[in-house]
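Trainee: Dropping a structure here in structure tokens format, bear with me for questions.
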Amino acid sequence: MSITQWILSGAALGAIYSLVAFGYAITWTTSRTMNFSQGQAVMLGAVLAWAALAVLRLPLPLAILGAVAVMVPFGLLVERFAVRPFRRTGPTWLISTVALGILLENAVLALFGKDVQPFPALVGERPLQLLGAGVYPQELLIPVAAVALLGGFELLRQRTMVGRQMRAVAYDETTATLMGIPAERMVALGYVLASVIAAVGGVIVAPVTFVSATMGTVIGLKGFVVAIVGGLESGWGILLVGLLYGVLEQAVSATIGTGARDAVGFGLAILVLALRPSGLLGRATLRRV
Amino acid sequence: MRAVTWLGRAGYLGAVAAAGVLLATALAVPNARWLSGYLAYLLMLAAVYTIIAVGLDLLVGHGDQISLGHAGFYALGAYTAAILVARLGWSLWLTLPLALAVAALAGALLALPTLRLEGPYLAMATIAFGLVVQNVLIEWLPLTGGHNGIAGIARPVAGGRPLGDTAYGLVAVGAALLALAFGAWAVRSLWGRSYRAVCRAPTASAAVGLDGYRLRVGAFALSAALAGLAGALYAGVNSFVSPDSFGFDTSISFLTAVILGGRGTLLGPVLGAAALVFLPDLLAGLAEYRLLLFGALLLFCIYFLPRGIAGLLRALAARLARGRSAPGLAPVAVSSTTAVTSPPADDGARGGAQPPVAPAGASTSAAMGDAPPLLEGRDLTVAFGGFLALRGVDFVVQRGTVHGLIGPNGAGKTTLLNVLGGFQPVVRGRLRFDGRDILGLPPHAVARLGVARTFQHIDLLREESVLTNVESGAWQRCGGGARGLLPLVGARAARQARAVALDCLAFVGLPVDPRTPAGALPPGQQRLVELARALATAPRLLLLDEPAAGLTPAEVERLAELVRRIRARGITIVLIEHHVDFVLTCADRVTVLDYGEWIAEGSPEQVRRDPRVIAAYLGESGGEPGGAAVAAEHA
């Protein structure tokens, strides 16, 4: 494999990690909680779209839209039942979201089976030749979609009233509530956005990785690694680190072997965290007394 | 912790003795067949899981941490034993301490970088760790045998024969008993109580000198060590290990055992482990849906059984007991209850038999003037983004004085106090305490040098007793670190801390039963508990952040008297207050801040008349910052 190949294929997967990472970051910055099963939300998005295609026989765009739409109430449910009751009781929200993900994955496994199903690409099925590397058009689409989503969200956060309210809740929930900002609604909105972004990630990665009940676990985990190494408070850090992580994986797989891929990736992540605890581009957050 | 109380010292000794008997029996009759092979097998598994659950409960039940990768540490222990026994012919006995050490080391290495930040980093790192370990077990063929695993792990030998199923079952149960006793001991020790405190009230704990980072890394390593030990024992159960036993689902099953058994309870680990072993057996044929079951159980428990089966049993027992007799509180070794309820004597020169509240010699330097200042801050500047909360403030406190710090809302008083305590980094400036540069030291290190504080927003362990809260101030200097785990040393340190706490409670004159939960007291009394806790650290400098807030006029009066008595003990005080009158009557010297800038300093009289101070409080129109300013502040 050539270096161009590593970069192109790596960027596609890496962009997915960034999207998932962004899901963690959105809810973390608004509520200091996150859905630890973000990976299962990716899987759910892809499985729903596949079901709409294969079972309901909907056209592709409609299937994708439908799957993404279903993830809106899903996000609300996660927040309402797995997070809100436990938000202030230590790490319990962590256990509840993990448990939810386990339930989800195994319920899908029971219904959907262990099979891996193909998923049609949005753009062209035939590989292109680019700078001596073979690449599917879909793989090129993924980073573009990721950048567009991240950019759109940053605009929402920085330029709109809703975004400002979310930031206010993130900074100081009590004060924000006293100022009349519906903090709980902002937290719920964060979970909706995170779920929707995860579903979009699932739908655009499905043609590359195919659809399965267990596709989410590793994506969710790597998304988290990217989120902390990029810095949970830093959108662009997450994008950059996601792309780098994807390329690194390709490079390690090609040079050392696929067996070493995750060990090297996770090991390196822990090393970065040891040297820069707030992430590569993150700034130290203050503890308030 | 009530469950641990009845266990008591006899319980620990009993558990150790019982474990000894079990071990001796196993060695005496290595080929006994008192149990069917299958029952012995289930017993072994239950014992192994109990050991893991005790360790995991240290994180989930007593701390605020979580591990979703304990199967990784379990695997490290199991493979350490398997490789040494099957490949190098070691005795399984000898591998036990080594397995424990390997897992502890891995746990510490994982926790060191990830616990430096607040947040769920460690939890996610544990998932990754678990995956990597399993991955390595599969890929590193020459060492681990890959998917095929390692077979032929010989059980320990006694009298020339390897231990049979019954005997090995007895050994495993003995080990589980020891683990349970150790766990109960650990969480009850000064170390364990310090660990709980840093998880529940991190800021207040740092302010009394407890190093939260170190305690939490230690707890994680300990938890991993227990999993490693369990892994080594497990290697002897089937004489075979393979990567299939150490996946993510295994980690989740351990977590389920802890949550289902009952977080933070004595018997929870046993009940959870038993459920883990016997449930799938009862639901034979549902192996496919194991994880579905665990996920549902986890959710069910955190919704409906927050303290698991053990909590349920305890509630039932309490209901039964209520019919018979009124539940009595566990006795506390109160040596000076009378001193707590009677008005405390004003004796600045006490000390001697008890660990003194103030360090020896502190009161001798009470003479002002010639001695160098106790605290010397220069050019202290703090920025929040572009906003300067402190602009080049100079702040000098002489030994043995009460130094008032006043200023309108937003003047930067609390920010300055946070800088002094190490809670707030500065962008510029110098800060010396007793001739030593303390800028950049973490809060617990500053506290250990003798800087104690109270908080504007009361920060107590609300469910714990008043006595425990005050004791926590003394844990660090009485030996609250790993030393607190040692049997005799730890017990002596605990007695010392209790004595100090009772002394301090008597000194502040809190007229309540020291066993009352701190959260049940009215705010005025909670402030006194905070004060007593700060005094229990034997401070040289005491920072009081609005101690009179929310107090009745009578309480304010008593507080003023208390402040004078603390000074009489040779403790220097920095006092932030909104009640300007209160400060002006208590303080020897007063510094005034406004908009983050130093605007005046002097005796209370000088400050009271200073036109800049009057302007800051009342705008440009002038007036007395006495009564009118207070009224304006509280309007």
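So you can find residues: chains in the structure tokens are A, B, ... in the order shown, residues in each start at 1, and ligands are numbered from 1 in order.
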List every residue of region 151-221 of chain A that DSSP, applied to the backbone, labels as alpha helix (DSSP H), and write the result as a PyMOL selection string.

Mentor: chain A and resi 151-159+161-171+173-178+183-209+215-221

Trainee: Which residues, written as a PDB file with N, CA and C atoms, in the first residue's frame, have at least one atom at most 7 Å from Gly190 (chain A), with only C-alpha atoms counted and residues fewer than 4 positions away on the same chain left out?

Mentor:
ATOM      1  N   ILE A  26     -20.187  17.127  22.460  1.00  0.00           N
ATOM      2  CA  ILE A  26     -21.369  17.999  22.548  1.00  0.00           C
ATOM      3  C   ILE A  26     -22.051  17.839  23.904  1.00  0.00           C
ATOM      4  N   THR A  27     -22.317  16.598  24.295  1.00  0.00           N
ATOM      5  CA  THR A  27     -23.031  16.424  25.558  1.00  0.00           C
ATOM      6  C   THR A  27     -22.100  16.690  26.740  1.00  0.00           C
ATOM      7  N   THR A  30     -22.084  20.411  27.393  1.00  0.00           N
ATOM      8  CA  THR A  30     -23.295  21.021  27.952  1.00  0.00           C
ATOM      9  C   THR A  30     -23.638  20.473  29.332  1.00  0.00           C
ATOM     10  N   MET A 186     -31.615  22.267  27.008  1.00  0.00           N
ATOM     11  CA  MET A 186     -30.343  22.387  26.287  1.00  0.00           C
ATOM     12  C   MET A 186     -29.560  21.074  26.386  1.00  0.00           C
ATOM     13  N   ALA A 194     -26.110  14.757  19.383  1.00  0.00           N
ATOM     14  CA  ALA A 194     -25.111  13.687  19.418  1.00  0.00           C
ATOM     15  C   ALA A 194     -25.644  12.439  18.726  1.00  0.00           C
TER      16      ALA A 194
END

Trainee: What are the residues of chain A that have an atom within 7 Å of an atom of chain B, counting only C-alpha atoms, as a list in words?

Mentor: Gly90, Pro91, Ser96, Ala99, Leu100, Ile102, Leu103, Asn106, Gly259, Asp262, Ala263, Phe266, Ile270, Leu273, Ala274 and Pro277 of chain A

Trainee: Could you write those residues out with N, CA and C atoms, as an mmCIF file, in the first residue's frame?

Mentor:
data_model
loop_
_atom_site.group_PDB
_atom_site.id
_atom_site.type_symbol
_atom_site.label_atom_id
_atom_site.label_comp_id
_atom_site.auth_asym_id
_atom_site.auth_seq_id
_atom_site.Cartn_x
_atom_site.Cartn_y
_atom_site.Cartn_z
ATOM 1 N N GLY A 90 -22.641 10.733 41.019
ATOM 2 C CA GLY A 90 -21.378 10.083 40.680
ATOM 3 C C GLY A 90 -21.387 9.486 39.293
ATOM 4 N N PRO A 91 -20.763 8.333 39.155
ATOM 5 C CA PRO A 91 -20.604 7.778 37.809
ATOM 6 C C PRO A 91 -21.786 6.916 37.387
ATOM 7 N N SER A 96 -25.390 3.522 33.464
ATOM 8 C CA SER A 96 -26.678 3.385 32.799
ATOM 9 C C SER A 96 -26.528 3.490 31.281
ATOM 10 N N ALA A 99 -24.983 0.261 30.056
ATOM 11 C CA ALA A 99 -25.976 -0.813 30.096
ATOM 12 C C ALA A 99 -26.951 -0.681 28.931
ATOM 13 N N LEU A 100 -27.342 0.553 28.656
ATOM 14 C CA LEU A 100 -28.252 0.795 27.541
ATOM 15 C C LEU A 100 -27.629 0.330 26.224
ATOM 16 N N ILE A 102 -25.321 -1.928 25.830
ATOM 17 C CA ILE A 102 -25.240 -3.391 25.807
ATOM 18 C C ILE A 102 -26.591 -3.988 25.424
ATOM 19 N N LEU A 103 -27.640 -3.436 26.050
ATOM 20 C CA LEU A 103 -28.992 -3.900 25.729
ATOM 21 C C LEU A 103 -29.276 -3.726 24.244
ATOM 22 N N ASN A 106 -27.264 -6.050 21.939
ATOM 23 C CA ASN A 106 -27.665 -7.451 21.988
ATOM 24 C C ASN A 106 -29.090 -7.665 21.508
ATOM 25 N N GLY A 259 -2.853 -6.883 13.684
ATOM 26 C CA GLY A 259 -2.912 -7.285 15.086
ATOM 27 C C GLY A 259 -2.420 -6.192 16.018
ATOM 28 N N ASP A 262 -4.618 -1.708 17.087
ATOM 29 C CA ASP A 262 -5.287 -1.073 18.216
ATOM 30 C C ASP A 262 -4.351 -0.883 19.402
ATOM 31 N N ALA A 263 -3.470 -1.851 19.619
ATOM 32 C CA ALA A 263 -2.542 -1.724 20.738
ATOM 33 C C ALA A 263 -1.690 -0.473 20.558
ATOM 34 N N PHE A 266 -4.096 2.792 20.853
ATOM 35 C CA PHE A 266 -4.509 3.115 22.221
ATOM 36 C C PHE A 266 -3.305 3.477 23.078
ATOM 37 N N ILE A 270 -2.740 6.990 25.160
ATOM 38 C CA ILE A 270 -2.483 7.131 26.600
ATOM 39 C C ILE A 270 -1.210 7.939 26.816
ATOM 40 N N LEU A 273 -1.952 11.549 26.328
ATOM 41 C CA LEU A 273 -2.723 12.024 27.474
ATOM 42 C C LEU A 273 -1.812 12.265 28.681
ATOM 43 N N ALA A 274 -0.786 11.428 28.794
ATOM 44 C CA ALA A 274 0.140 11.594 29.912
ATOM 45 C C ALA A 274 0.941 12.887 29.750
ATOM 46 N N PRO A 277 -2.451 16.455 29.271
ATOM 47 C CA PRO A 277 -3.692 15.919 29.855
ATOM 48 C C PRO A 277 -4.966 16.532 29.266
#

Trainee: Could you check which of B:Gly231, B:Ala46, B:Leu39, B:Gly130 is closest to Ala78 (chain B), using only C-alpha atoms?

Mentor: B:Gly231

Trainee: Name the residues in contact with Pro61 (chain A) at a cut-off of 12 Å, using only C-alpha atoms, excluding same-chain residues fewer than 4 positions from it; report them as a ChimeraX atom specification.

Mentor: /A:49-50,52-53,57,65-68,120-123,203-204

Trainee: Please write the residues from the selection above to a file, keeping C-alpha atoms, as a compact mmCIF listing (two decimals), in the first residue's frame.

Mentor:
# COMPACT_ATOMS: atom_id res chain seq x y z
CA ALA A 49 -31.24 2.75 7.37
CA TRP A 50 -30.49 -0.79 6.22
CA ALA A 52 -35.66 0.85 5.74
CA LEU A 53 -33.90 -0.14 2.53
CA ARG A 57 -37.91 -1.09 0.37
CA LEU A 65 -33.53 10.50 6.23
CA GLY A 66 -35.88 8.17 8.06
CA ALA A 67 -33.07 6.58 10.07
CA VAL A 68 -31.69 9.95 11.05
CA PRO A 120 -25.21 0.85 -1.01
CA ALA A 121 -22.97 3.87 -1.39
CA LEU A 122 -24.45 7.31 -1.84
CA VAL A 123 -22.00 8.08 -4.59
CA VAL A 203 -25.05 5.79 7.40
CA ILE A 204 -22.01 7.17 5.64

Trainee: If you count only C-alpha atoms, which residues fall within 10 Å of Ala520 (chain B), apart from same-chain ones fewer than 6 positions away, as number ranges by chain?

Mentor: B: 462-466, 526

Trainee: Write the residues you've just listed into a file as a PDB file, in the first residue's frame, and include C-alpha atoms for each of them.

Mentor:
ATOM      1  CA  ARG B 462     -23.087  15.699  54.166  1.00  0.00           C
ATOM      2  CA  GLU B 463     -23.979  12.069  54.907  1.00  0.00           C
ATOM      3  CA  GLU B 464     -21.035  11.559  57.224  1.00  0.00           C
ATOM      4  CA  SER B 465     -21.094  12.461  60.877  1.00  0.00           C
ATOM      5  CA  VAL B 466     -19.917  15.773  62.252  1.00  0.00           C
ATOM      6  CA  GLN B 526     -22.199  23.645  59.477  1.00  0.00           C
TER       7      GLN B 526
END

Trainee: Nearest to Ala15 (chain A): which of A:Ala146, A:Leu189, A:Leu268, A:Ala176 is it, counting only C-alpha atoms?

Mentor: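 With only C-alpha atoms as the atom set, the closest residue is A:Ala146.
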
Trainee: Residues within 12 Å of Val108 (chain A), please, as a ChimeraX atom specification. Count only C-alpha atoms; anything in the same chain fewer than 6 positions from it doesn't count.

Mentor: /A:40-41,43-48,51,101-102,114-115,211-216 /B:289,292

Trainee: Figure out the distance between CA of Arg32 (chain A) and CA of Ser234 (chain A), please, to one decimal in Å.

Mentor: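 About the pair CA of Ser234 (chain A) and CA of Arg32 (chain A): they are 14.7 Å apart.
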
Trainee: Choose the residue, out of B:Ala600, B:Ile573, B:Ala482, B:Leu27, that has the smallest atom-to-atom separation from Arg193 (chain B); count only C-alpha atoms.

Mentor: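 Nearest to Arg193 (chain B): B:Ala482.
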
Trainee: Between CA of Ile309 (chain B) and CA of Leu260 (chain B), what is the distance, to one decimal in Å?

Mentor: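 Computing the Euclidean distance for CA of Ile309 (chain B) and CA of Leu260 (chain B) yields 6.2 Å.
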
Trainee: Once DSSP has gone over the backbone, tell me which residues of region 68-195 of chain A are in strand (DSSP E or B), as a list of chain:residue names.

Mentor: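 Selecting the strand (DSSP E or B) positions of region 68-195 of chain A gives A:Gln117, A:Leu128, A:Gln129, A:Leu130, A:Ala133, A:Gly134, A:Val135.
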
Trainee: Write the residues you've just listed into a file as a CSV table (one decimal), in the first residue's frame, and include N, CA and C atoms for each of them.

Mentor:
chain,number,residue,atom,x,y,z
A,117,GLN,N,-24.1,-7.1,6.6
A,117,GLN,CA,-24.9,-6.8,5.4
A,117,GLN,C,-24.3,-5.7,4.7
A,128,LEU,N,-12.1,4.7,-7.7
A,128,LEU,CA,-11.4,5.7,-8.5
A,128,LEU,C,-9.9,5.5,-8.4
A,129,GLN,N,-9.2,5.9,-9.4
A,129,GLN,CA,-7.7,5.9,-9.2
A,129,GLN,C,-7.3,7.3,-9.0
A,130,LEU,N,-6.6,7.5,-7.8
A,130,LEU,CA,-6.2,8.8,-7.4
A,130,LEU,C,-4.8,8.8,-6.9
A,133,ALA,N,-3.6,5.6,-6.0
A,133,ALA,CA,-4.3,4.8,-5.0
A,133,ALA,C,-5.7,4.5,-5.4
A,134,GLY,N,-6.2,3.3,-5.1
A,134,GLY,CA,-7.6,3.0,-5.4
A,134,GLY,C,-8.4,3.4,-4.2
A,135,VAL,N,-9.5,4.2,-4.5
A,135,VAL,CA,-10.3,4.7,-3.4
A,135,VAL,C,-11.8,4.8,-3.9

Trainee: Please provide the set of residues having any atom within 10 Å of Ile7 (chain A), restricted to only C-alpha atoms, with same-chain residues fewer than 6 positions apart removed, written as a PyMOL selection string.

Mentor: chain A and resi 14+133+243-244+246-251

Trainee: Might you pull out every residue within 12 Å of Leu441 (chain B), with only C-alpha atoms counted and same-chain residues fewer than 6 positions away left off, and present them as a PyMOL selection string?

Mentor: chain B and resi 206+209+211+419-426+431-433+447-449

Trainee: Write the residues of the selection above to a file with N, CA and C atoms, as a PDB file, in the first residue's frame.

Mentor:
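File produced: selection-v4.pdb:
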ATOM      1  N   ALA B 206      -8.869  18.382  49.421  1.00  0.00           N
ATOM      2  CA  ALA B 206      -7.571  18.962  49.057  1.00  0.00           C
ATOM      3  C   ALA B 206      -7.191  20.038  50.071  1.00  0.00           C
ATOM      4  N   GLY B 209      -5.364  18.803  52.942  1.00  0.00           N
ATOM      5  CA  GLY B 209      -4.078  18.177  52.673  1.00  0.00           C
ATOM      6  C   GLY B 209      -4.146  16.784  52.086  1.00  0.00           C
ATOM      7  N   ASP B 211      -4.241  14.149  49.228  1.00  0.00           N
ATOM      8  CA  ASP B 211      -3.838  14.143  47.822  1.00  0.00           C
ATOM      9  C   ASP B 211      -4.781  13.212  47.056  1.00  0.00           C
ATOM     10  N   VAL B 419      -6.105  31.877  45.407  1.00  0.00           N
ATOM     11  CA  VAL B 419      -4.685  31.931  45.059  1.00  0.00           C
ATOM     12  C   VAL B 419      -3.851  31.521  46.266  1.00  0.00           C
ATOM     13  N   LEU B 420      -4.193  32.055  47.437  1.00  0.00           N
ATOM     14  CA  LEU B 420      -3.414  31.753  48.639  1.00  0.00           C
ATOM     15  C   LEU B 420      -3.440  30.263  48.957  1.00  0.00           C
ATOM     16  N   GLY B 421      -4.583  29.606  48.681  1.00  0.00           N
ATOM     17  CA  GLY B 421      -4.708  28.187  49.005  1.00  0.00           C
ATOM     18  C   GLY B 421      -4.231  27.263  47.905  1.00  0.00           C
ATOM     19  N   GLY B 422      -3.757  27.805  46.790  1.00  0.00           N
ATOM     20  CA  GLY B 422      -3.285  26.964  45.704  1.00  0.00           C
ATOM     21  C   GLY B 422      -4.384  26.494  44.773  1.00  0.00           C
ATOM     22  N   PHE B 423      -5.603  27.033  44.930  1.00  0.00           N
ATOM     23  CA  PHE B 423      -6.712  26.583  44.089  1.00  0.00           C
ATOM     24  C   PHE B 423      -6.784  27.339  42.773  1.00  0.00           C
ATOM     25  N   GLN B 424      -6.072  28.471  42.689  1.00  0.00           N
ATOM     26  CA  GLN B 424      -6.211  29.324  41.515  1.00  0.00           C
ATOM     27  C   GLN B 424      -4.827  29.714  40.996  1.00  0.00           C
ATOM     28  N   PRO B 425      -4.505  29.305  39.769  1.00  0.00           N
ATOM     29  CA  PRO B 425      -3.212  29.719  39.226  1.00  0.00           C
ATOM     30  C   PRO B 425      -3.200  31.221  38.893  1.00  0.00           C
ATOM     31  N   VAL B 426      -2.039  31.799  38.931  1.00  0.00           N
ATOM     32  CA  VAL B 426      -1.915  33.223  38.597  1.00  0.00           C
ATOM     33  C   VAL B 426      -1.172  33.349  37.272  1.00  0.00           C
ATOM     34  N   LEU B 431       4.428  34.589  45.675  1.00  0.00           N
ATOM     35  CA  LEU B 431       3.700  34.320  46.906  1.00  0.00           C
ATOM     36  C   LEU B 431       4.588  33.490  47.822  1.00  0.00           C
ATOM     37  N   ARG B 432       4.891  34.054  48.990  1.00  0.00           N
ATOM     38  CA  ARG B 432       5.727  33.320  49.937  1.00  0.00           C
ATOM     39  C   ARG B 432       4.941  33.080  51.215  1.00  0.00           C
ATOM     40  N   PHE B 433       5.032  31.839  51.712  1.00  0.00           N
ATOM     41  CA  PHE B 433       4.413  31.496  52.985  1.00  0.00           C
ATOM     42  C   PHE B 433       5.532  31.044  53.907  1.00  0.00           C
ATOM     43  N   ALA B 447      -1.854  23.044  51.785  1.00  0.00           N
ATOM     44  CA  ALA B 447      -2.512  22.719  53.048  1.00  0.00           C
ATOM     45  C   ALA B 447      -1.536  22.042  54.001  1.00  0.00           C
ATOM     46  N   ARG B 448      -0.679  21.170  53.460  1.00  0.00           N
ATOM     47  CA  ARG B 448       0.258  20.449  54.326  1.00  0.00           C
ATOM     48  C   ARG B 448       1.294  21.373  54.945  1.00  0.00           C
ATOM     49  N   LEU B 449       1.529  22.524  54.294  1.00  0.00           N
ATOM     50  CA  LEU B 449       2.468  23.488  54.872  1.00  0.00           C
ATOM     51  C   LEU B 449       1.833  24.252  56.033  1.00  0.00           C
TER      52      LEU B 449
END

Trainee: Between CA of Ile83 (chain B) and CA of Ala99 (chain B), what is the distance in Å, rounded to a tenth?

Mentor: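 These two atoms are separated by 10.8 Å.
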